[in-house]
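Chemist: What follows is the file upload.cif, containing mmCIF, C-alpha atoms and all ligand atoms:
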```cif
data_target
#
loop_
_atom_site.label_atom_id
_atom_site.label_comp_id
_atom_site.auth_asym_id
_atom_site.auth_seq_id
_atom_site.Cartn_x
_atom_site.Cartn_y
_atom_site.Cartn_z
CA MET A 145 6.75 17.01 -1.79
CA ILE A 146 4.87 14.71 0.55
CA ILE A 147 1.54 13.11 -0.36
CA VAL A 148 -0.59 11.15 2.10
CA ILE A 149 -3.18 8.63 0.91
CA ALA A 150 -6.00 8.65 3.46
CA ASN A 151 -9.48 7.34 4.09
CA GLN A 152 -10.48 5.83 7.43
CA LYS A 153 -12.56 3.22 5.63
CA GLY A 154 -10.77 -0.02 4.91
CA GLY A 155 -10.84 -1.69 1.51
CA VAL A 156 -11.24 1.47 -0.57
CA GLY A 157 -7.96 1.12 -2.46
CA LYS A 158 -5.57 3.20 -0.33
CA THR A 159 -2.75 0.67 -0.40
CA THR A 160 -3.29 -0.23 -4.05
CA THR A 161 -3.18 3.48 -4.88
CA ALA A 162 -0.11 4.14 -2.70
CA ILE A 163 1.85 1.30 -4.31
CA ASN A 164 0.92 2.00 -7.91
CA LEU A 165 1.13 5.76 -7.63
CA ALA A 166 4.58 5.39 -6.12
CA ALA A 167 5.63 3.04 -8.93
CA GLY A 168 3.93 5.20 -11.58
CA ILE A 169 5.70 8.36 -10.41
CA ALA A 170 9.03 6.50 -10.11
CA ALA A 171 8.57 5.42 -13.74
CA GLN A 172 8.52 9.11 -14.65
CA LYS A 173 12.09 9.43 -13.43
CA LYS A 174 11.26 10.94 -10.06
CA ARG A 175 12.98 9.68 -6.92
CA VAL A 176 10.13 8.26 -4.85
CA LEU A 177 9.96 7.11 -1.23
CA LEU A 178 6.95 5.09 -0.09
CA ILE A 179 6.40 5.17 3.69
CA ASP A 180 4.11 2.41 4.91
CA LEU A 181 2.20 3.34 8.07
CA ASP A 182 -0.33 0.52 7.85
CA PRO A 183 0.32 -2.13 10.54
CA GLN A 184 -0.95 -4.71 8.07
CA SER A 185 2.03 -3.72 5.93
CA ASN A 186 0.55 -4.58 2.56
CA SER A 187 2.49 -1.87 0.74
CA SER A 188 5.73 -3.17 2.15
CA LEU A 189 5.02 -6.74 1.27
CA SER A 190 4.57 -5.82 -2.37
CA PHE A 191 8.14 -4.67 -2.68
CA ILE A 192 10.29 -6.36 -0.11
CA GLU A 193 10.86 -9.66 1.68
CA PRO A 194 9.92 -9.21 5.35
CA GLY A 195 12.98 -11.24 6.37
CA SER A 196 15.34 -8.75 4.74
CA VAL A 197 14.14 -5.89 6.91
CA ASN A 198 15.74 -4.61 10.08
CA GLY A 199 13.54 -1.72 11.13
CA GLY A 200 11.00 0.46 9.39
CA SER A 201 8.27 2.96 10.14
CA TYR A 202 7.82 1.71 13.72
CA GLU A 203 11.45 2.58 14.48
CA LEU A 204 10.95 5.95 12.82
CA PHE A 205 8.57 6.74 15.69
CA ALA A 206 9.92 4.64 18.53
CA GLU A 207 13.69 4.90 18.09
CA PRO A 208 14.61 8.55 17.68
CA ASP A 209 18.32 7.76 17.89
CA ARG A 210 18.19 5.60 14.80
CA ALA A 211 19.11 7.50 11.60
CA PRO A 212 16.06 7.66 9.30
CA GLU A 213 18.31 6.79 6.33
CA ASP A 214 18.89 3.36 7.92
CA LEU A 215 15.19 2.61 7.70
CA VAL A 216 14.98 3.22 3.95
CA TYR A 217 15.33 0.21 1.63
CA GLU A 218 15.80 0.16 -2.10
CA THR A 219 13.30 -1.89 -4.08
CA LYS A 220 13.70 -3.72 -7.37
CA THR A 221 11.75 -0.92 -9.03
CA PRO A 222 14.17 1.79 -10.22
CA ASN A 223 13.84 5.13 -8.34
CA LEU A 224 11.56 3.59 -5.72
CA SER A 225 12.61 3.26 -2.07
CA LEU A 226 10.58 2.10 0.90
CA VAL A 227 10.23 2.54 4.64
CA PRO A 228 8.39 -0.70 5.43
CA ALA A 229 5.82 -1.33 8.14
CA ARG A 230 5.45 -4.20 10.54
CA ILE A 231 2.65 -5.29 12.77
CA SER A 232 4.45 -3.69 15.73
CA LEU A 233 3.17 -0.33 14.46
CA ALA A 234 -0.15 -1.22 16.02
CA LYS A 235 1.43 -0.75 19.46
CA LEU A 236 2.44 2.84 18.78
CA GLU A 237 -0.87 4.45 19.53
CA ALA A 238 -0.75 3.33 23.16
CA LYS A 239 2.93 4.18 23.47
CA MET A 240 2.46 7.76 22.33
CA ILE A 241 -0.37 8.66 24.71
CA GLY A 242 0.81 11.57 26.81
CA ASP A 243 3.63 12.62 24.48
CA PHE A 244 2.96 16.29 23.88
CA ASP A 245 4.72 16.13 20.54
CA ALA A 246 3.00 12.90 19.39
CA PRO A 247 1.46 14.37 16.20
CA PHE A 248 4.78 15.88 15.09
CA LYS A 249 7.07 12.87 15.29
CA LEU A 250 6.89 11.84 11.66
CA ARG A 251 7.31 15.38 10.39
CA ASP A 252 10.46 15.85 12.46
CA ARG A 253 11.91 12.46 11.55
CA ILE A 254 11.48 12.70 7.79
CA GLU A 255 12.82 16.22 7.59
CA GLN A 256 16.25 14.81 6.79
CA LEU A 257 14.86 12.51 4.09
CA LYS A 258 13.03 15.19 2.15
CA GLY A 259 16.02 16.37 0.17
CA LYS A 260 16.82 12.88 -1.05
CA PHE A 261 13.48 12.32 -2.78
CA ASP A 262 11.29 14.22 -5.21
CA VAL A 263 8.09 12.68 -3.92
CA ILE A 264 7.28 10.93 -0.63
CA ILE A 265 4.04 8.92 -0.54
CA ILE A 266 2.57 7.79 2.77
CA ASP A 267 0.11 4.89 3.03
CA THR A 268 -2.09 5.06 6.14
CA PRO A 269 -4.17 2.65 8.22
CA PRO A 270 -7.98 2.64 8.10
CA THR A 271 -8.41 4.93 11.13
CA LEU A 272 -8.08 8.62 11.88
CA GLY A 273 -5.73 7.79 14.76
CA ILE A 274 -2.31 9.09 15.63
CA LEU A 275 -0.53 7.51 12.64
CA THR A 276 -2.84 9.13 10.09
CA VAL A 277 -2.66 12.42 11.98
CA ASN A 278 1.16 12.23 11.92
CA ALA A 279 1.05 11.65 8.17
CA MET A 280 -1.24 14.66 7.66
CA VAL A 281 0.91 16.89 9.83
CA ALA A 282 3.98 15.91 7.80
CA ALA A 283 2.35 16.13 4.35
CA ASP A 284 1.85 18.83 1.74
CA HIS A 285 -1.04 17.06 0.01
CA VAL A 286 -3.80 14.54 0.71
CA ILE A 287 -5.31 12.17 -1.83
CA ILE A 288 -8.58 10.46 -0.86
CA PRO A 289 -9.50 7.25 -2.65
CA ILE A 290 -13.27 6.64 -2.66
CA GLN A 291 -14.74 3.31 -3.60
CA SER A 292 -17.61 3.52 -6.07
CA SER A 293 -20.17 1.58 -4.06
CA TYR A 294 -23.15 2.18 -1.80
CA PHE A 295 -22.28 4.43 1.13
CA ALA A 296 -19.21 5.63 -0.78
CA LEU A 297 -19.29 9.06 0.83
CA GLU A 298 -20.17 7.83 4.29
CA GLY A 299 -17.37 8.92 6.59
CA THR A 300 -15.91 11.54 4.26
CA ASP A 301 -17.34 14.30 6.50
CA ASP A 302 -15.21 13.06 9.39
CA LEU A 303 -12.20 12.81 7.11
CA LEU A 304 -12.64 16.33 5.73
CA GLU A 305 -13.17 17.61 9.28
CA THR A 306 -9.89 16.01 10.36
CA ILE A 307 -8.12 17.65 7.41
CA GLU A 308 -9.64 21.02 8.45
CA LYS A 309 -8.50 20.56 12.05
CA ILE A 310 -4.96 19.79 10.95
CA ARG A 311 -5.06 22.81 8.68
CA SER A 312 -6.30 25.09 11.44
CA ARG A 313 -3.31 24.45 13.70
CA PRO A 314 -0.41 22.11 13.09
CA ASN A 315 -0.26 22.23 9.28
CA PRO A 316 -2.00 25.22 7.60
CA ASP A 317 -0.40 24.28 4.26
CA LEU A 318 -2.06 20.88 3.99
CA ASN A 319 -3.84 20.75 0.64
CA LEU A 320 -6.53 18.35 -0.58
CA LEU A 321 -4.88 17.41 -3.85
CA GLY A 322 -7.78 15.33 -5.04
CA VAL A 323 -10.27 12.54 -4.73
CA VAL A 324 -9.95 9.43 -6.85
CA VAL A 325 -12.79 7.04 -7.62
CA THR A 326 -11.63 3.46 -7.17
CA LEU A 327 -13.02 -0.02 -7.76
CA PHE A 328 -15.18 1.40 -10.52
CA ASP A 329 -17.33 -1.10 -12.40
CA LYS A 330 -18.55 0.38 -15.65
CA ARG A 331 -21.29 -2.23 -15.98
CA THR A 332 -23.14 -1.16 -12.85
CA THR A 333 -25.47 1.79 -12.45
CA ILE A 334 -24.33 2.34 -8.89
CA SER A 335 -20.74 2.92 -10.01
CA HIS A 336 -21.83 5.58 -12.50
CA ASP A 337 -24.17 7.17 -9.95
CA VAL A 338 -21.46 7.31 -7.31
CA GLU A 339 -18.96 8.75 -9.78
CA SER A 340 -21.29 11.58 -10.79
CA HIS A 341 -22.17 12.21 -7.14
CA ILE A 342 -18.48 12.48 -6.26
CA ARG A 343 -17.92 14.87 -9.18
CA ASN A 344 -20.84 17.01 -7.96
CA VAL A 345 -19.56 17.12 -4.40
CA PHE A 346 -15.86 17.58 -5.10
CA GLY A 347 -15.92 19.41 -8.45
CA LYS A 348 -12.43 19.97 -9.81
CA LYS A 349 -10.91 18.13 -6.86
CA ALA A 350 -12.10 14.85 -8.39
CA PHE A 351 -9.35 13.42 -10.58
CA LYS A 352 -10.32 12.80 -14.20
CA THR A 353 -8.78 9.36 -13.97
CA VAL A 354 -11.00 6.67 -12.51
CA ILE A 355 -9.53 3.37 -11.31
CA SER A 356 -11.60 0.42 -12.51
CA ARG A 357 -12.10 -2.80 -10.65
CA SER A 358 -9.84 -5.36 -12.29
CA VAL A 359 -8.52 -8.82 -11.64
CA ARG A 360 -5.01 -7.70 -12.59
CA LEU A 361 -4.99 -5.05 -9.87
CA GLU A 362 -6.46 -7.44 -7.36
CA GLU A 363 -3.86 -10.15 -7.97
CA SER A 364 -0.75 -7.96 -8.31
CA PRO A 365 0.02 -7.81 -4.54
CA ALA A 366 0.09 -11.61 -4.43
CA HIS A 367 2.89 -11.47 -7.03
CA LYS A 368 4.73 -8.86 -4.96
CA LYS A 369 4.69 -6.47 -7.87
CA SER A 370 3.25 -3.15 -8.84
CA ILE A 371 0.73 -3.25 -11.68
CA PHE A 372 3.44 -1.95 -14.04
CA ASP A 373 5.58 -5.03 -13.49
CA HIS A 374 2.74 -7.50 -13.08
CA ALA A 375 0.57 -6.49 -16.06
CA PRO A 376 2.08 -3.51 -17.88
CA ARG A 377 -0.46 -3.62 -20.69
CA SER A 378 -3.52 -3.88 -18.45
CA SER A 379 -6.17 -1.20 -17.98
CA GLY A 380 -5.04 -0.89 -14.36
CA ALA A 381 -1.51 0.04 -15.45
CA ALA A 382 -2.86 2.62 -17.92
CA GLU A 383 -5.15 4.09 -15.26
CA TYR A 384 -2.46 4.36 -12.59
CA GLN A 385 -0.07 5.86 -15.14
CA SER A 386 -2.67 8.44 -16.02
CA LEU A 387 -3.33 9.16 -12.31
CA SER A 388 0.42 9.57 -11.72
CA LYS A 389 0.58 12.21 -14.45
CA GLU A 390 -2.44 14.06 -13.08
CA VAL A 391 -0.92 14.03 -9.60
CA LEU A 392 2.42 15.41 -10.82
CA LYS A 393 0.63 18.11 -12.77
CA ARG A 394 -1.44 19.22 -9.78
CA ALA A 395 1.14 18.96 -7.05
N1 LIG A 401 -9.04 -1.48 -8.72
C1 LIG A 401 -9.09 -2.65 -8.06
N2 LIG A 401 -9.58 -3.75 -8.67
C2 LIG A 401 -9.67 -4.93 -8.00
N3 LIG A 401 -9.29 -5.12 -6.74
C3 LIG A 401 -8.80 -4.05 -6.08
C4 LIG A 401 -8.68 -2.77 -6.70
N4 LIG A 401 -8.17 -1.90 -5.78
C5 LIG A 401 -8.00 -2.61 -4.66
N5 LIG A 401 -8.37 -3.90 -4.83
C6 LIG A 401 -8.38 -4.98 -3.84
O1 LIG A 401 -9.30 -4.61 -2.81
C7 LIG A 401 -8.78 -4.91 -1.53
C8 LIG A 401 -8.65 -3.64 -0.72
O2 LIG A 401 -7.75 -2.74 -1.38
P1 LIG A 401 -6.64 -1.95 -0.59
O3 LIG A 401 -5.88 -1.16 -1.59
O4 LIG A 401 -5.85 -2.87 0.29
O5 LIG A 401 -7.54 -1.00 0.29
P2 LIG A 401 -7.21 -0.22 1.66
O6 LIG A 401 -5.74 -0.01 1.71
O7 LIG A 401 -7.99 1.05 1.53
O8 LIG A 401 -7.72 -1.08 2.77
C9 LIG A 401 -7.45 -5.59 -1.78
O9 LIG A 401 -7.64 -6.98 -1.77
C10 LIG A 401 -7.04 -5.11 -3.16
O10 LIG A 401 -6.21 -6.04 -3.82
MG MG A 402 -4.30 -0.46 3.20
#
```
I need this file expressed as C-alpha cells, please.
Modeler:
Amino acid sequence: MIIVIANQKGGVGKTTTAINLAAGIAAQKKRVLLIDLDPQSNSSLSFIEPGSVNGGSYELFAEPDRAPEDLVYETKTPNLSLVPARISLAKLEAKMIGDFDAPFKLRDRIEQLKGKFDVIIIDTPPTLGILTVNAMVAADHVIIPIQSSYFALEGTDDLLETIEKIRSRPNPDLNLLGVVVTLFDKRTTISHDVESHIRNVFGKKAFKTVISRSVRLEESPAHKKSIFDHAPRSSGAAEYQSLSKEVLKRA
C-alpha cells in the first residue's frame, strides 16, 4: 500500500507527518519505506547522515538503470527504510519536460519495491508539480495535512482538483484517505473554528486525531529523530501513534 502526503502549501506539517507516520506504523510491526521527494530533504535528514548516501529519489527518476533496491537505506528505527532526497531533485522538473511518460516514472520504478514493504509513504514538495503528480500516480491513498490557521483551506480546491484529474485518467484508484488537522493550538479560537470548518467540509474524511502544535514536535528534526525516539511520552508521540492506528484501520 502506498500513501502520499500532499499539500502544495509549505509549512503545514507534511514532512513532520510523513516522518512520524512512517515511524508510528513501523512501530506497529509493519515494514515501512519512506520515500522523500522534497528537494529540501527534511525527511531524509531526520533519519540518515547525508554523507552516508550514494543515491536516492533523484536517481530513482534520472537513472533508470540503477536498481531501486540500491537506493533504499535502512534507518536506526526498526522496520523503517528510506529512499532519501537531495537538493538535485529540484532539477528534475526541467529534465522531464517532453518525456511522454514523465508522470509514470515513479510508479514504474517502485513496482519492484512494493512486495518488500507493507506500507510506502511518500513525502512531497510544496508544489503540484511533476514530483507530486508522480507520487499521486503511484499511490493508493492521499493524506492531506491542513494547518489550523487563517486561510487553512485556501488552496485545497486546487489540490482536490489535481486529485480528481489524476483519478480521471492515470490512476482511477487513487483514494483520499483523509485530512489531518495539524499545528492545532487548543488555546486559540481560530484553531477550534478551523477544526470545525474542516470537519464540516470533509465529514468522515477528517481524521479523529488532531496534531497539536508542540515544542517537542518542532525540535525533533534537529535531533534527527522521530517523535517516538525524541520524546516518547509527549503528546506529539501519542497523537502520531493514534493517527498511525487510524491510518492502518482505514487503508
Ligand atoms: N505539530 C507541530 N508542532 C510544532 N511545530 C511543528 C509541528 N508540525 C510541524 N512543525 C514545524 O513546522 C515547520 C513546518 O513543518 P513541516 O512538517 O516541515 O511542513 P511541510 O513539510 O508541510 O513544509 C517545521 O519547522 C516543523 O518542525
Ligand atoms: Mg516538507
Chemist: What lies within 7 Å of region 364-381 of chain A using all atoms listed in the file, ignoring chain neighbours under 5 positions off, as a PDB file with C-alpha atoms, in the frame of the given file?
Modeler:
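Resulting contents of around-v6.pdb:
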```pdb
ATOM      1  CA  ILE A 163       1.850   1.300  -4.310  1.00  0.00           C
ATOM      2  CA  ASN A 164       0.920   2.000  -7.910  1.00  0.00           C
ATOM      3  CA  ALA A 167       5.630   3.040  -8.930  1.00  0.00           C
ATOM      4  CA  LEU A 189       5.020  -6.740   1.270  1.00  0.00           C
ATOM      5  CA  SER A 190       4.570  -5.820  -2.370  1.00  0.00           C
ATOM      6  CA  PHE A 191       8.140  -4.670  -2.680  1.00  0.00           C
ATOM      7  CA  ILE A 355      -9.530   3.370 -11.310  1.00  0.00           C
ATOM      8  CA  SER A 356     -11.600   0.420 -12.510  1.00  0.00           C
ATOM      9  CA  SER A 358      -9.840  -5.360 -12.290  1.00  0.00           C
TER      10      SER A 358
END
```
Chemist: For chain A against ligand MG 402 (chain A), with a cut-off of 10 Å and counting only C-alpha atoms and all ligand atoms, what is the closest atom pair and its distance in Å to one decimal for every residue that makes the cut, ordered by chain and number, as a Markdown table?
Modeler:
```
| residue | atom | partner | partner_atom | distance |
| --- | --- | --- | --- | --- |
| A:Ile149 | CA | A:MG402 | MG | 9.4 |
| A:Ala150 | CA | A:MG402 | MG | 9.3 |
| A:Asn151 | CA | A:MG402 | MG | 9.4 |
| A:Gln152 | CA | A:MG402 | MG | 9.8 |
| A:Lys153 | CA | A:MG402 | MG | 9.4 |
| A:Gly154 | CA | A:MG402 | MG | 6.7 |
| A:Gly155 | CA | A:MG402 | MG | 6.9 |
| A:Val156 | CA | A:MG402 | MG | 8.1 |
| A:Gly157 | CA | A:MG402 | MG | 6.9 |
| A:Lys158 | CA | A:MG402 | MG | 5.2 |
| A:Thr159 | CA | A:MG402 | MG | 4.1 |
| A:Thr160 | CA | A:MG402 | MG | 7.3 |
| A:Thr161 | CA | A:MG402 | MG | 9.1 |
| A:Ala162 | CA | A:MG402 | MG | 8.6 |
| A:Ile163 | CA | A:MG402 | MG | 9.9 |
| A:Asp180 | CA | A:MG402 | MG | 9.0 |
| A:Leu181 | CA | A:MG402 | MG | 9.0 |
| A:Asp182 | CA | A:MG402 | MG | 6.2 |
| A:Pro183 | CA | A:MG402 | MG | 8.8 |
| A:Gln184 | CA | A:MG402 | MG | 7.3 |
| A:Ser185 | CA | A:MG402 | MG | 7.6 |
| A:Asn186 | CA | A:MG402 | MG | 6.4 |
| A:Ser187 | CA | A:MG402 | MG | 7.4 |
| A:Asp267 | CA | A:MG402 | MG | 6.9 |
| A:Thr268 | CA | A:MG402 | MG | 6.6 |
| A:Pro269 | CA | A:MG402 | MG | 5.9 |
| A:Pro270 | CA | A:MG402 | MG | 6.9 |
```
Chemist: Please determine, counting all atoms listed in the file, which residue among A:Arg394, A:Arg360, A:Lys389, A:Lys330 has the shortest atom-to-atom distance to ligand LIG 401 (chain A).
Modeler: A:Arg360
Chemist: Quick one: of A:Val227, A:Val263, A:Leu304, A:Leu257, who's nearest to Leu318 (chain A), counting all atoms listed in the file?
Modeler: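 Result for the nearest residue to Leu318 (chain A): A:Leu304.
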Chemist: Applying 7 Å and only C-alpha atoms, which residues near region 174-178 of chain A remain after dropping the ones on its own chain fewer than 6 positions away? List them as a VMD selection string.
Modeler: chain A and resid 166 223 to 227 261 to 266
Chemist: What does the file look like for those residues with C-alpha atoms, as a PDB file, in the frame of the given file?
Modeler:
```
ATOM      1  CA  ALA A 166       4.580   5.390  -6.120  1.00  0.00           C
ATOM      2  CA  ASN A 223      13.840   5.130  -8.340  1.00  0.00           C
ATOM      3  CA  LEU A 224      11.560   3.590  -5.720  1.00  0.00           C
ATOM      4  CA  SER A 225      12.610   3.260  -2.070  1.00  0.00           C
ATOM      5  CA  LEU A 226      10.580   2.100   0.900  1.00  0.00           C
ATOM      6  CA  VAL A 227      10.230   2.540   4.640  1.00  0.00           C
ATOM      7  CA  PHE A 261      13.480  12.320  -2.780  1.00  0.00           C
ATOM      8  CA  ASP A 262      11.290  14.220  -5.210  1.00  0.00           C
ATOM      9  CA  VAL A 263       8.090  12.680  -3.920  1.00  0.00           C
ATOM     10  CA  ILE A 264       7.280  10.930  -0.630  1.00  0.00           C
ATOM     11  CA  ILE A 265       4.040   8.920  -0.540  1.00  0.00           C
ATOM     12  CA  ILE A 266       2.570   7.790   2.770  1.00  0.00           C
TER      13      ILE A 266
END
```
Chemist: Could you list, as a PDB file with C-alpha atoms, keeping the file's coordinate frame, every residue within 12 Å of Lys239 (chain A), counting all atoms listed in the file and ignoring same-chain residues fewer than 5 positions away?
Modeler:
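What ended up in result07.pdb:
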```pdb
ATOM      1  CA  TYR A 202       7.820   1.710  13.720  1.00  0.00           C
ATOM      2  CA  PHE A 205       8.570   6.740  15.690  1.00  0.00           C
ATOM      3  CA  ALA A 206       9.920   4.640  18.530  1.00  0.00           C
ATOM      4  CA  SER A 232       4.450  -3.690  15.730  1.00  0.00           C
ATOM      5  CA  LEU A 233       3.170  -0.330  14.460  1.00  0.00           C
ATOM      6  CA  ALA A 234      -0.150  -1.220  16.020  1.00  0.00           C
ATOM      7  CA  ALA A 246       3.000  12.900  19.390  1.00  0.00           C
ATOM      8  CA  ILE A 274      -2.310   9.090  15.630  1.00  0.00           C
ATOM      9  CA  LEU A 275      -0.530   7.510  12.640  1.00  0.00           C
TER      10      LEU A 275
END
```
Chemist: Rank nothing, just name the residue among A:Leu250, A:Ala171, A:Val325, A:Val216 nearest to ligand LIG 401 (chain A), using only C-alpha atoms and all ligand atoms.
Modeler: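 Checking each candidate against ligand LIG 401 (chain A), we get A:Val325 as the closest.
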Chemist: How far is it from CA of Tyr217 (chain A) to atom N3 of ligand LIG 401 (chain A), in Å with one decimal?
Modeler: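 One can read the CA of Tyr217 (chain A) to atom N3 of ligand LIG 401 (chain A) distance as 26.5 Å.
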Chemist: Specify the axis-aligned box that encloses all atoms of ligand LIG 401 (chain A) listed in the file after padding of 3 Å on each side, stating its centre and edge lengths in Å to one decimal as lines of an AutoDock Vina configuration file.
Modeler:
```
center_x = -7.7
center_y = -3.0
center_z = -3.0
size_x = 9.9
size_y = 14.0
size_z = 17.5
```
Chemist: Can you work out which one of A:Val354, A:Leu215, A:Ile147, A:Ile241 has the shortest atom-to-atom distance to Ala279 (chain A), counting only C-alpha atoms?
Modeler: A:Ile147
Chemist: Tell me, as a ChimeraX atom specification, which residues lie within 9 Å of Val277 (chain A), counting all atoms listed in the file; anything in the same chain fewer than 6 positions away does not count.
Modeler: /A:247-248,306-307,310
Chemist: Which of these residues is nearest to Asp329 (chain A), using all atoms listed in the file: A:Arg357, A:Leu303, A:Gly347, A:Ile342?
Modeler: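 Counting all atoms listed in the file, the residue closest to Asp329 (chain A) is A:Arg357.
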Chemist: Could you check how far CA of Asn278 (chain A) sits from CA of Leu236 (chain A), in Å to one decimal?
Modeler: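 Calculated distance between CA of Asn278 (chain A) and CA of Leu236 (chain A) is 11.7 Å.
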Chemist: Residues proximal to (3.6, 24.1, 2.6) were defined as those with any atom within 12 Å of that point in the file's coordinates, counting all atoms listed in the file. Which are they, as a VMD selection string?
Modeler: chain A and resid 145 to 147 280 to 285 311 314 to 319 395
Chemist: If I take CA of Leu165 (chain A) and CA of Tyr384 (chain A), how far is one from the other in Å, to one decimal?
Modeler: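 Going from CA of Leu165 (chain A) over to CA of Tyr384 (chain A) covers 6.3 Å.
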Chemist: So that I can see what lies close to region 321-324 of chain A, please list as a list in words the residues with an atom at most 6 Å from it, counting all atoms listed in the file and leaving out residues fewer than 6 positions away in the same chain.
Modeler: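 What passes the distance filter is His285, Val286, Ile287, Ile288, Pro289, Lys349, Ala350 and Phe351 of chain A.
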Chemist: Need a file for region 348-366 of chain A from that block: N, CA and C atoms, written as a PDB file, in the first residue's frame.
Modeler:
```
ATOM      1  N   LYS A 348     -16.507  12.625   7.255  1.00  0.00           N
ATOM      2  CA  LYS A 348     -15.794  11.459   7.772  1.00  0.00           C
ATOM      3  C   LYS A 348     -14.358  11.366   7.285  1.00  0.00           C
ATOM      4  N   LYS A 349     -14.034  12.121   6.233  1.00  0.00           N
ATOM      5  CA  LYS A 349     -12.653  12.087   5.735  1.00  0.00           C
ATOM      6  C   LYS A 349     -11.683  12.744   6.716  1.00  0.00           C
ATOM      7  N   ALA A 350     -12.197  13.589   7.601  1.00  0.00           N
ATOM      8  CA  ALA A 350     -11.310  14.211   8.597  1.00  0.00           C
ATOM      9  C   ALA A 350     -10.947  13.162   9.654  1.00  0.00           C
ATOM     10  N   PHE A 351      -9.658  12.974   9.877  1.00  0.00           N
ATOM     11  CA  PHE A 351      -9.246  12.027  10.921  1.00  0.00           C
ATOM     12  C   PHE A 351      -9.678  12.542  12.291  1.00  0.00           C
ATOM     13  N   LYS A 352     -10.043  11.597  13.169  1.00  0.00           N
ATOM     14  CA  LYS A 352     -10.400  11.979  14.545  1.00  0.00           C
ATOM     15  C   LYS A 352      -9.205  12.606  15.240  1.00  0.00           C
ATOM     16  N   THR A 353      -8.034  12.030  14.993  1.00  0.00           N
ATOM     17  CA  THR A 353      -6.823  12.543  15.630  1.00  0.00           C
ATOM     18  C   THR A 353      -6.468  13.920  15.084  1.00  0.00           C
ATOM     19  N   VAL A 354      -6.142  14.814  15.996  1.00  0.00           N
ATOM     20  CA  VAL A 354      -5.666  16.149  15.634  1.00  0.00           C
ATOM     21  C   VAL A 354      -4.231  16.255  16.152  1.00  0.00           C
ATOM     22  N   ILE A 355      -3.347  16.847  15.353  1.00  0.00           N
ATOM     23  CA  ILE A 355      -1.955  17.002  15.789  1.00  0.00           C
ATOM     24  C   ILE A 355      -1.763  18.412  16.361  1.00  0.00           C
ATOM     25  N   SER A 356      -1.440  18.472  17.636  1.00  0.00           N
ATOM     26  CA  SER A 356      -1.279  19.770  18.295  1.00  0.00           C
ATOM     27  C   SER A 356       0.085  20.377  17.987  1.00  0.00           C
ATOM     28  N   ARG A 357       0.114  21.688  18.085  1.00  0.00           N
ATOM     29  CA  ARG A 357       1.404  22.376  18.000  1.00  0.00           C
ATOM     30  C   ARG A 357       2.181  22.068  19.277  1.00  0.00           C
ATOM     31  N   SER A 358       3.410  21.609  19.145  1.00  0.00           N
ATOM     32  CA  SER A 358       4.184  21.325  20.345  1.00  0.00           C
ATOM     33  C   SER A 358       5.668  21.536  20.108  1.00  0.00           C
ATOM     34  N   VAL A 359       6.330  21.959  21.167  1.00  0.00           N
ATOM     35  CA  VAL A 359       7.772  22.208  21.083  1.00  0.00           C
ATOM     36  C   VAL A 359       8.510  20.908  20.776  1.00  0.00           C
ATOM     37  N   ARG A 360       8.056  19.820  21.374  1.00  0.00           N
ATOM     38  CA  ARG A 360       8.707  18.518  21.146  1.00  0.00           C
ATOM     39  C   ARG A 360       8.701  18.130  19.669  1.00  0.00           C
ATOM     40  N   LEU A 361       7.560  18.351  19.016  1.00  0.00           N
ATOM     41  CA  LEU A 361       7.495  18.022  17.586  1.00  0.00           C
ATOM     42  C   LEU A 361       8.374  18.972  16.777  1.00  0.00           C
ATOM     43  N   GLU A 362       8.394  20.211  17.180  1.00  0.00           N
ATOM     44  CA  GLU A 362       9.174  21.197  16.443  1.00  0.00           C
ATOM     45  C   GLU A 362      10.666  20.901  16.533  1.00  0.00           C
ATOM     46  N   GLU A 363      11.122  20.446  17.704  1.00  0.00           N
ATOM     47  CA  GLU A 363      12.568  20.267  17.885  1.00  0.00           C
ATOM     48  C   GLU A 363      13.060  18.884  17.469  1.00  0.00           C
ATOM     49  N   SER A 364      12.141  17.914  17.256  1.00  0.00           N
ATOM     50  CA  SER A 364      12.630  16.556  16.993  1.00  0.00           C
ATOM     51  C   SER A 364      13.487  16.427  15.722  1.00  0.00           C
ATOM     52  N   PRO A 365      13.169  17.178  14.615  1.00  0.00           N
ATOM     53  CA  PRO A 365      14.058  17.046  13.450  1.00  0.00           C
ATOM     54  C   PRO A 365      15.503  17.471  13.744  1.00  0.00           C
ATOM     55  N   ALA A 366      15.660  18.460  14.609  1.00  0.00           N
ATOM     56  CA  ALA A 366      17.008  18.932  14.937  1.00  0.00           C
ATOM     57  C   ALA A 366      17.812  17.835  15.640  1.00  0.00           C
TER      58      ALA A 366
END
```
